[in-house]
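Asks: If it helps, the file is called final_8.txt and holds compact mmCIF, C-alpha atoms:
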```
# COMPACT_ATOMS: atom_id res chain seq x y z
CA MET A 5 136.11 109.87 106.25
CA CYS A 6 134.01 112.51 104.50
CA SER A 7 130.75 111.13 105.94
CA GLU A 8 132.32 111.09 109.41
CA LEU A 9 133.23 114.76 109.01
CA PHE A 10 129.67 115.87 108.37
CA THR A 11 127.83 113.50 110.71
CA ARG A 12 130.00 114.58 113.64
CA GLY A 13 129.18 118.30 113.44
CA LEU A 14 126.97 119.78 110.75
CA SER A 15 126.36 123.03 112.63
CA ALA A 16 130.07 123.42 113.39
CA ILE A 17 130.99 122.84 109.74
CA ALA A 18 128.34 125.37 108.63
CA LEU A 19 129.67 127.99 111.06
CA ILE A 20 133.24 127.38 109.92
CA ALA A 21 132.08 127.94 106.34
CA VAL A 22 130.12 131.12 107.13
CA VAL A 23 132.96 132.75 109.06
CA GLY A 24 135.59 131.60 106.56
CA PHE A 25 133.62 133.26 103.77
CA ASN A 26 133.54 136.59 105.59
CA LEU A 27 137.20 136.50 106.57
CA ARG A 28 138.03 136.97 102.89
CA SER A 29 135.05 138.65 101.19
CA VAL A 30 135.66 141.96 102.98
CA ILE A 31 139.34 142.06 102.01
CA LEU A 32 139.03 140.73 98.46
CA GLY A 33 136.10 143.02 97.77
CA VAL A 34 138.58 145.92 97.47
CA PRO A 35 140.73 145.13 94.37
CA PRO A 36 137.82 145.05 91.85
CA VAL A 37 136.81 148.61 92.85
CA LEU A 38 140.37 149.83 93.38
CA PRO A 39 140.46 151.72 90.05
CA ALA A 40 137.31 153.60 91.12
CA VAL A 41 138.80 154.33 94.57
CA ARG A 42 142.00 155.59 92.96
CA ASP A 43 140.13 157.88 90.55
CA ASP A 44 137.81 159.23 93.24
CA LEU A 45 140.54 159.92 95.80
CA HIS A 46 143.28 160.85 93.28
CA LEU A 47 145.76 158.26 94.58
CA THR A 48 149.04 157.26 92.96
CA PHE A 49 149.45 153.66 91.82
CA THR A 50 151.78 153.06 94.78
CA ALA A 51 149.19 154.44 97.21
CA ALA A 52 146.48 152.34 95.57
CA GLY A 53 148.67 149.22 95.83
CA ALA A 54 149.30 150.00 99.49
CA LEU A 55 145.56 149.86 100.10
CA THR A 56 145.60 146.14 99.32
CA ALA A 57 149.13 145.50 100.60
CA LEU A 58 148.41 146.96 104.07
CA PRO A 59 145.65 144.44 104.94
CA VAL A 60 147.89 141.58 103.77
CA LEU A 61 150.69 142.75 106.09
CA CYS A 62 148.24 143.15 108.98
CA LEU A 63 146.86 139.65 108.40
CA GLY A 64 150.20 138.37 109.63
CA ALA A 65 150.91 141.02 112.26
CA ALA A 66 148.16 139.94 114.67
CA SER A 67 148.38 136.19 114.14
CA ILE A 68 150.82 135.57 117.01
CA PRO A 69 148.79 137.66 119.53
CA GLY A 70 145.78 135.73 118.25
CA ALA A 71 147.46 132.45 119.19
CA VAL A 72 148.14 133.79 122.69
CA PHE A 73 144.47 134.76 123.02
CA VAL A 74 143.40 131.29 121.90
CA ASN A 75 145.41 129.67 124.70
CA ARG A 76 143.92 132.13 127.19
CA PHE A 77 140.24 132.27 126.16
CA GLY A 78 139.71 129.30 123.83
CA PRO A 79 139.19 129.34 120.05
CA SER A 80 135.41 129.93 119.97
CA VAL A 81 135.51 133.29 121.75
CA ILE A 82 138.43 134.54 119.67
CA VAL A 83 136.87 133.58 116.32
CA GLY A 84 133.64 135.40 117.23
CA ALA A 85 135.34 138.52 118.60
CA GLY A 86 137.71 138.71 115.63
CA THR A 87 134.89 138.42 113.09
CA ILE A 88 132.78 141.08 114.82
CA GLY A 89 135.80 143.39 114.92
CA LEU A 90 136.36 142.70 111.22
CA GLY A 91 132.84 143.82 110.36
CA LEU A 92 132.94 146.96 112.51
CA ALA A 93 136.33 148.05 111.16
CA ALA A 94 135.17 147.43 107.59
CA LEU A 95 132.25 149.80 108.13
CA LEU A 96 134.45 152.43 109.79
CA ARG A 97 136.60 152.64 106.65
CA LEU A 98 133.95 155.03 105.37
CA ALA A 99 134.22 157.38 108.37
CA PRO A 100 135.86 160.78 107.91
CA PRO A 101 138.54 161.79 107.30
CA ILE A 102 139.08 159.92 104.04
CA PRO A 103 141.53 158.60 102.89
CA ALA A 104 143.20 158.49 106.33
CA ALA A 105 140.36 156.43 107.86
CA LEU A 106 140.34 154.18 104.81
CA TYR A 107 143.94 153.12 105.43
CA ALA A 108 143.68 153.00 109.24
CA PHE A 109 140.57 150.83 109.39
CA SER A 110 141.66 148.66 106.46
CA GLY A 111 144.62 147.72 108.62
CA LEU A 112 142.44 147.22 111.71
CA MET A 113 139.95 144.96 109.94
CA ALA A 114 142.81 142.78 108.70
CA LEU A 115 144.21 142.60 112.24
CA CYS A 116 140.83 141.28 113.40
CA ALA A 117 140.79 138.67 110.64
CA ALA A 118 144.33 137.69 111.61
CA ILE A 119 143.28 137.09 115.21
CA ALA A 120 140.43 134.85 114.10
CA GLN A 121 142.30 132.69 111.58
CA PRO A 122 144.71 130.75 113.86
CA ALA A 123 141.83 130.34 116.30
CA MET A 124 139.82 128.67 113.55
CA VAL A 125 142.69 126.29 112.77
CA SER A 126 142.87 125.38 116.47
CA ALA A 127 139.10 124.83 116.61
CA ILE A 128 139.25 122.52 113.59
CA ARG A 129 141.87 120.28 115.18
CA ALA A 130 139.95 120.25 118.49
CA TRP A 131 136.54 119.51 116.95
CA PHE A 132 137.61 117.15 114.13
CA PRO A 133 140.82 115.42 115.29
CA ARG A 134 140.47 112.46 112.92
CA THR A 135 139.38 114.44 109.85
CA ILE A 136 141.73 117.42 110.00
CA GLN A 137 142.53 117.43 106.28
CA GLN A 138 138.84 117.35 105.32
CA ALA A 139 137.70 119.97 107.85
CA SER A 140 140.60 122.24 106.91
CA THR A 141 139.59 121.90 103.28
CA VAL A 142 136.06 123.04 104.14
CA PHE A 143 137.58 126.11 105.80
CA ALA A 144 139.84 126.77 102.81
CA LEU A 145 136.87 126.28 100.48
CA ALA A 146 134.89 128.86 102.46
CA LEU A 147 137.80 131.30 102.29
CA GLY A 148 137.94 130.70 98.55
CA LEU A 149 134.21 131.33 98.20
CA GLY A 150 134.66 134.54 100.16
CA GLY A 151 137.38 135.65 97.79
CA LEU A 152 135.15 134.67 94.88
CA GLY A 153 132.22 136.65 96.22
CA GLY A 154 134.29 139.72 96.98
CA SER A 155 136.12 139.66 93.65
CA ALA A 156 133.23 138.82 91.34
CA LEU A 157 130.36 140.72 92.97
CA SER A 158 131.96 143.97 94.09
CA VAL A 159 132.00 145.45 90.57
CA HIS A 160 128.24 144.92 90.33
CA LEU A 161 127.54 145.95 93.93
CA GLN A 162 128.66 149.48 93.06
CA VAL A 163 125.01 150.13 92.17
CA LEU A 164 124.46 150.29 95.95
CA GLY A 165 126.39 153.56 96.11
CA GLY A 166 129.67 153.24 94.28
CA TRP A 167 132.74 151.75 95.93
CA ARG A 168 131.51 153.05 99.30
CA GLY A 169 128.36 150.95 98.95
CA THR A 170 130.41 147.79 98.40
CA PHE A 171 132.44 148.50 101.55
CA ALA A 172 129.25 148.90 103.60
CA PHE A 173 127.72 145.69 102.21
CA TRP A 174 130.67 143.43 102.97
CA GLY A 175 131.24 145.00 106.39
CA ALA A 176 127.64 144.47 107.50
CA LEU A 177 127.73 140.85 106.32
CA ALA A 178 130.89 140.13 108.36
CA LEU A 179 129.38 141.74 111.45
CA ALA A 180 126.31 139.49 111.16
CA ALA A 181 128.52 136.40 110.78
CA GLY A 182 130.45 137.23 113.95
CA LEU A 183 127.29 137.69 115.96
CA LEU A 184 125.93 134.38 114.66
CA TRP A 185 129.14 132.59 115.66
CA LEU A 186 129.06 133.91 119.22
CA ALA A 187 125.39 132.93 119.53
CA ILE A 188 125.58 129.27 118.48
CA ALA A 189 129.21 128.11 118.16
CA PRO A 190 130.31 125.23 120.42
CA LYS A 191 132.06 126.64 123.47
CA GLU A 192 135.39 125.29 124.62
CA THR A 193 137.67 126.33 127.43
CA ALA A 194 141.32 127.04 126.86
CA ARG A 195 143.61 124.04 127.04
CA GLN A 196 146.18 124.03 129.81
CA PRO A 197 149.83 123.63 128.72
CA GLN A 198 151.18 120.10 128.98
CA PRO A 199 154.76 118.84 129.51
CA GLY A 200 156.66 118.89 126.22
CA ASP A 201 154.55 121.69 124.71
CA GLU A 202 156.58 124.09 122.58
CA GLY A 203 156.26 127.87 122.86
CA LEU A 204 156.28 130.30 119.97
CA LEU A 205 160.02 130.91 120.22
CA GLN A 206 160.72 127.19 119.92
CA LEU A 207 158.41 126.94 116.91
CA VAL A 208 160.16 129.84 115.18
CA ARG A 209 163.45 127.92 115.47
CA ARG A 210 162.03 124.96 113.53
CA PRO A 211 163.03 124.97 109.81
CA ALA A 212 159.81 123.16 108.91
CA VAL A 213 157.74 126.11 110.15
CA TRP A 214 159.71 128.50 107.94
CA HIS A 215 159.32 126.13 105.01
CA VAL A 216 155.54 126.03 105.36
CA ALA A 217 155.46 129.82 105.86
CA ALA A 218 157.38 130.31 102.61
CA ILE A 219 154.91 128.10 100.72
CA PHE A 220 151.97 129.98 102.20
CA GLY A 221 153.63 133.35 101.62
CA ILE A 222 154.45 132.76 97.95
CA GLN A 223 150.90 131.64 97.27
CA SER A 224 149.53 134.72 99.01
CA LEU A 225 151.99 137.04 97.25
CA VAL A 226 150.85 135.77 93.86
CA TYR A 227 147.16 135.69 94.79
CA TYR A 228 146.91 139.16 96.31
CA GLY A 229 149.29 140.62 93.73
CA SER A 230 147.22 139.19 90.88
CA SER A 231 143.95 140.33 92.47
CA SER A 232 145.35 143.85 92.77
CA TRP A 233 146.90 144.28 89.32
CA ILE A 234 144.78 142.19 86.96
CA PRO A 235 142.07 144.91 87.10
CA PHE A 236 144.60 147.45 85.81
CA GLU A 237 145.93 145.23 83.02
CA LEU A 238 142.41 144.37 81.87
CA ARG A 239 140.83 147.78 82.41
CA PRO A 240 140.70 148.57 78.66
CA TYR A 241 138.41 145.55 78.15
CA GLY A 242 135.65 146.97 80.34
CA PRO A 243 134.05 145.97 83.66
CA GLY A 244 132.11 143.03 82.21
CA TYR A 245 135.22 141.24 80.96
CA LEU A 246 137.14 142.08 84.13
CA SER A 247 134.35 140.71 86.31
CA ALA A 248 134.27 137.48 84.27
CA VAL A 249 138.04 137.01 84.52
CA LEU A 250 138.08 137.64 88.27
CA LEU A 251 135.17 135.23 88.62
CA LEU A 252 137.15 132.51 86.86
CA PHE A 253 140.27 133.33 88.90
CA ASN A 254 138.46 132.60 92.15
CA LEU A 255 135.94 130.05 90.86
CA VAL A 256 138.36 127.45 89.55
CA GLY A 257 139.60 126.59 93.03
CA ILE A 258 136.09 125.80 94.30
CA PRO A 259 135.48 122.53 92.41
CA LEU A 260 139.09 121.56 93.11
CA ALA A 261 138.50 121.97 96.85
CA MET A 262 135.24 120.01 96.62
CA VAL A 263 137.15 117.11 95.07
CA LEU A 264 139.97 117.38 97.61
CA VAL A 265 137.64 117.30 100.62
CA ALA A 266 136.42 113.86 99.52
CA LEU A 267 139.86 112.36 98.85
CA PRO A 268 141.26 110.02 101.53
CA TRP A 269 144.75 110.29 99.99
CA PRO A 270 146.98 112.58 102.12
CA TRP A 271 147.54 115.13 99.34
CA ALA A 272 148.10 117.98 101.82
CA THR A 273 151.48 116.51 102.78
CA ALA A 274 152.46 115.25 99.29
CA ARG A 275 155.43 116.92 97.58
CA PRO A 276 154.26 116.46 93.95
CA TYR A 277 151.01 118.25 94.83
CA TYR A 278 152.80 121.53 95.62
CA ALA A 279 155.27 121.18 92.74
CA LEU A 280 152.38 120.88 90.29
CA ALA A 281 150.69 123.91 91.84
CA GLY A 282 153.92 125.89 91.43
CA VAL A 283 154.14 124.96 87.75
CA LEU A 284 150.58 126.15 87.14
CA MET A 285 151.29 129.43 88.92
CA THR A 286 154.50 129.94 86.93
CA VAL A 287 152.72 129.53 83.60
CA GLY A 288 149.84 131.79 84.62
CA THR A 289 151.96 134.64 85.97
CA ALA A 290 154.32 134.44 82.99
CA ALA A 291 151.40 134.88 80.61
CA PHE A 292 150.33 138.09 82.35
CA ALA A 293 153.95 139.27 82.58
CA LEU A 294 154.23 138.88 78.80
CA GLY A 295 150.87 140.54 78.18
CA LEU A 296 149.46 137.53 76.32
CA GLY A 297 145.84 137.52 75.25
CA GLY A 298 143.24 135.08 76.52
CA ALA A 299 143.35 136.23 80.14
CA TRP A 300 140.38 134.00 80.94
CA PHE A 301 142.52 130.91 80.28
CA TRP A 302 145.62 132.07 82.14
CA VAL A 303 143.64 132.99 85.27
CA MET A 304 142.25 129.47 85.35
CA LEU A 305 145.78 128.07 85.59
CA LEU A 306 146.72 130.76 88.07
CA GLY A 307 143.60 130.18 90.16
CA ALA A 308 144.12 126.41 90.17
CA GLY A 309 147.73 126.76 91.33
CA THR A 310 147.03 129.30 94.07
CA GLY A 311 143.90 127.43 95.15
CA MET A 312 145.72 124.11 95.45
CA THR A 313 148.56 125.68 97.42
CA PHE A 314 146.28 127.63 99.73
CA THR A 315 144.11 124.61 100.51
CA GLY A 316 147.14 122.49 101.35
CA ALA A 317 148.96 125.20 103.29
CA THR A 318 145.85 125.87 105.38
CA ALA A 319 145.88 122.25 106.55
CA LEU A 320 149.64 121.94 107.13
CA PRO A 321 149.88 123.60 110.60
CA ALA A 322 147.26 121.27 112.05
CA LEU A 323 148.84 118.27 110.29
CA LEU A 324 152.50 119.01 111.06
CA ALA A 325 152.14 120.27 114.64
CA ALA A 326 153.29 117.60 117.08
CA SER A 327 150.46 118.28 119.54
CA ARG A 328 147.13 120.08 119.69
CA SER A 329 148.55 122.82 121.93
CA GLN A 330 151.02 123.76 119.18
CA VAL A 331 148.43 124.23 116.45
CA ALA A 332 147.45 127.87 117.07
CA GLY A 333 151.08 128.88 117.53
CA TYR A 334 152.23 126.96 114.45
CA ALA A 335 149.47 128.53 112.36
CA ALA A 336 150.21 131.99 113.78
CA VAL A 337 153.92 131.82 112.92
CA VAL A 338 153.13 130.56 109.41
CA LEU A 339 150.55 133.32 108.88
CA THR A 340 152.83 136.04 110.26
CA LEU A 341 155.82 135.08 108.13
CA GLY A 342 153.69 134.17 105.12
CA TYR A 343 151.72 137.40 104.99
CA ALA A 344 154.93 139.39 105.49
CA ILE A 345 156.08 137.81 102.22
CA ALA A 346 152.68 138.35 100.58
CA PHE A 347 152.74 142.05 101.53
CA MET A 348 155.41 142.59 98.89
CA GLY A 349 153.16 141.52 96.00
CA PRO A 350 150.81 144.52 95.74
CA LEU A 351 153.48 146.92 97.02
CA MET A 352 156.23 145.91 94.56
CA GLY A 353 153.65 145.89 91.79
CA GLY A 354 152.71 149.50 92.50
CA VAL A 355 156.34 150.63 92.58
CA LEU A 356 157.12 148.83 89.31
CA LEU A 357 154.04 150.25 87.63
CA ASP A 358 154.87 153.80 88.72
CA GLN A 359 158.43 153.40 87.44
CA THR A 360 157.81 151.52 84.18
CA HIS A 361 154.22 152.57 83.33
CA ARG A 362 153.69 149.03 82.07
CA THR A 363 150.69 147.16 83.44
CA THR A 364 152.51 143.85 82.95
CA SER A 365 155.40 144.80 85.26
CA PRO A 366 153.71 143.84 88.59
CA PHE A 367 153.75 140.20 87.43
CA TRP A 368 157.52 140.00 86.97
CA PRO A 369 158.33 139.21 90.64
CA MET A 370 155.36 136.84 90.77
CA VAL A 371 156.96 134.64 88.09
CA ALA A 372 160.14 134.33 90.16
CA ALA A 373 158.16 133.54 93.31
CA SER A 374 156.16 130.83 91.52
CA ILE A 375 159.35 129.12 90.36
CA CYS A 376 160.55 129.11 93.98
CA LEU A 377 157.33 127.37 95.00
CA VAL A 378 158.14 124.42 92.73
CA VAL A 379 161.45 123.94 94.56
CA LEU A 380 159.85 124.32 98.01
CA GLY A 381 157.15 121.84 97.10
CA LEU A 382 159.69 119.19 96.14
CA ARG A 383 161.36 119.62 99.54
CA LEU A 384 158.22 119.74 101.72
CA PRO A 385 158.88 118.57 105.32
CA ARG A 386 157.57 115.15 106.25
CA ARG A 387 154.75 114.76 108.75
CA PRO A 388 156.01 113.88 112.25
CA GLU A 389 154.92 110.63 113.84
CA VAL A 390 152.39 111.46 116.57
CA ALA A 391 150.01 109.36 118.55
CA ALA A 392 146.53 109.07 117.09
CA PRO A 393 144.14 111.48 118.86
CA PRO A 394 141.28 110.08 120.88
CA LEU A 395 137.85 110.21 119.25
CA ALA A 396 136.31 113.49 120.39
CA GLY A 397 132.74 113.88 121.46
CA LYS A 398 130.08 115.15 119.10
CA VAL A 399 130.28 118.84 118.27
CA GLY A 400 127.26 120.81 117.16
CA GLY A 401 124.08 119.43 115.73
```
Written as structure tokens, how would this file's structure read?

Replies:
Amino acid sequence: MCSELFTRGLSAIALIAVVGFNLRSVILGVPPVLPAVRDDLHLTFTAAGALTALPVLCLGAASIPGAVFVNRFGPSVIVGAGTIGLGLAALLRLAPPIPAALYAFSGLMALCAAIAQPAMVSAIRAWFPRTIQQASTVFALALGLGGLGGSALSVHLQVLGGWRGTFAFWGALALAAGLLWLAIAPKETARQPQPGDEGLLQLVRRPAVWHVAAIFGIQSLVYYGSSSWIPFELRPYGPGYLSAVLLLFNLVGIPLAMVLVALPWPWATARPYYALAGVLMTVGTAAFALGLGGAWFWVMLLGAGTGMTFTGATALPALLAASRSQVAGYAAVVLTLGYAIAFMGPLMGGVLLDQTHRTTSPFWPMVAASICLVVLGLRLPRRPEVAAPPLAGKVGG
């Protein structure tokens, strides 16, 4: 299975990885420098939390329009346009007036990423119909590497010109990735609707879609909340320790994904898989909520749990959708609802921190959410019986 994945489209897999990296590096490059942004612009903790919460909310807001665009123009065009828009908006965050432009273009860049993400899920099912789980894992791995790069490198990239220099670096990289995609990505026309295809309204009425959205949303709430507030809890330990902890937080999911991409076992639809991930997240968030020492160890558990859940949830829309035409819509609804849940992580954390003045308080709601994930994992919807897809032609080089 794994060899089939790579022999059928090396260039397509490489492009998926490059774009996936940039869809997250720009956004996750913000939390490590958030204390510096807050000090420079004299923001409250709530306002600083909103700077990471706003992109998370916008990641869901444009997902459904993105699915509509995919059906109209095809996934390749939408992925390229969304990634180019992401890079341009990231650069415009530095335009005057600040901080107004910082908030406005942070939202816009996340909207562009949101348009591209369901298009990528649709492209994966179209290009790799018999290796969806493996190709989706490559995409999730690239997203994880993007989060790793943004989280671990941004502290050190401040030598380029402070937090503004990090914003310019990640924005320019995303812009280059979008241009590369449009230049060499396989082109595909939009698929015409077929009898029996479900629209977005019909998908929203399906309990399974809401179930998957809740799984995705809880994972994102914990991930983005932890990324936002770990820097504040660990600030007394200095930037070197913080950088190492954030590196471990994002790094631990990478070898896990590399193992998962090679496994033929259908772990992405297995209930124990998500229950285990929820247990790991519960232990990790509880440790930070209690202010326990050894943050490097707890982030490894936390990173493993969020990484496992994200990798599986990324594959679920393509696996659970009854037909290829439903994939973009299924993914869009999951992303919209999921990121609406995730939006509350950084925002609630900022409110709690302003009210309690305790750096452990943002992790309290994350513990409750992680416990809910264990229950949702044990009740994961079963995969519908669908006809095996025909073997698609070769994609890429």

Asks: For a quick check of understanding, using only C-alpha atoms, which of A:Met352, A:Ala178, A:Ala281, A:Leu267 has the smallest distance to A:Ala57?

Replies: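 Checking each of A:Met352, A:Ala178, A:Ala281, A:Leu267 against A:Ala57, counting only C-alpha atoms, the winner is A:Met352.
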
Asks: Can you pull out the residues contacting stretch 227-237 of chain A? Cut-off 6 Å, using all atoms listed in the file, and skip same-chain residues under 5 positions away; I want them as a short mmCIF file (atom, residue, chain, number, x, y, z; two decimals) with C-alpha atoms, in the frame of the given file.

Replies:
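What landed in result-v1.cif:
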```cif
data_model
loop_
_atom_site.label_atom_id
_atom_site.label_comp_id
_atom_site.auth_asym_id
_atom_site.auth_seq_id
_atom_site.Cartn_x
_atom_site.Cartn_y
_atom_site.Cartn_z
CA PRO A 35 140.73 145.13 94.37
CA GLY A 349 153.16 141.52 96.00
CA PRO A 350 150.81 144.52 95.74
CA THR A 363 150.69 147.16 83.44
#
```

Asks: Which one is closest to A:Leu380: A:Ala85, A:Leu157, A:Ala217, A:Val60? Count only C-alpha atoms.

Replies: A:Ala217

Asks: Considering only C-alpha atoms, return as a ChimeraX atom specification whatever protein or nucleic-acid residues lie within 9 Å of stretch 249-264 of chain A, sequence-local ones (same chain, fewer than 2 positions apart) excluded.

Replies: /A:36,138,141-142,144-146,148-149,151-153,155-157,231,234-235,238,244-247,266-269,271,299-312,315

Asks: Pick out the closest residue to A:Leu323 from this set: A:Thr340, A:Thr170, A:Ser140, A:Gln359. Count only C-alpha atoms.

Replies: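 Looking only at the distances to A:Leu323, the closest residue turns out to be A:Ser140.
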
Asks: Take atom CA of A:Cys62 and atom CA of A:Phe314 and report the distance between them in Å, one decimal.

Replies: 18.2 Å

Asks: What does the structure give for the distance between atom CA of A:Val379 and atom CA of A:Val338, in Å to one decimal?

Replies: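 These atoms are spaced 18.3 Å apart.
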
Asks: Please compute the atom CA of A:Asn75-atom CA of A:Leu320 distance, one decimal, in Å.

Replies: 19.7 Å

Asks: Pick from A:Leu32, A:Leu356, A:Leu324, A:Ala373: nearest to A:Arg386, with all atoms listed in the file counted?

Replies: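 Counting all atoms listed in the file, the residue closest to A:Arg386 is A:Leu324.
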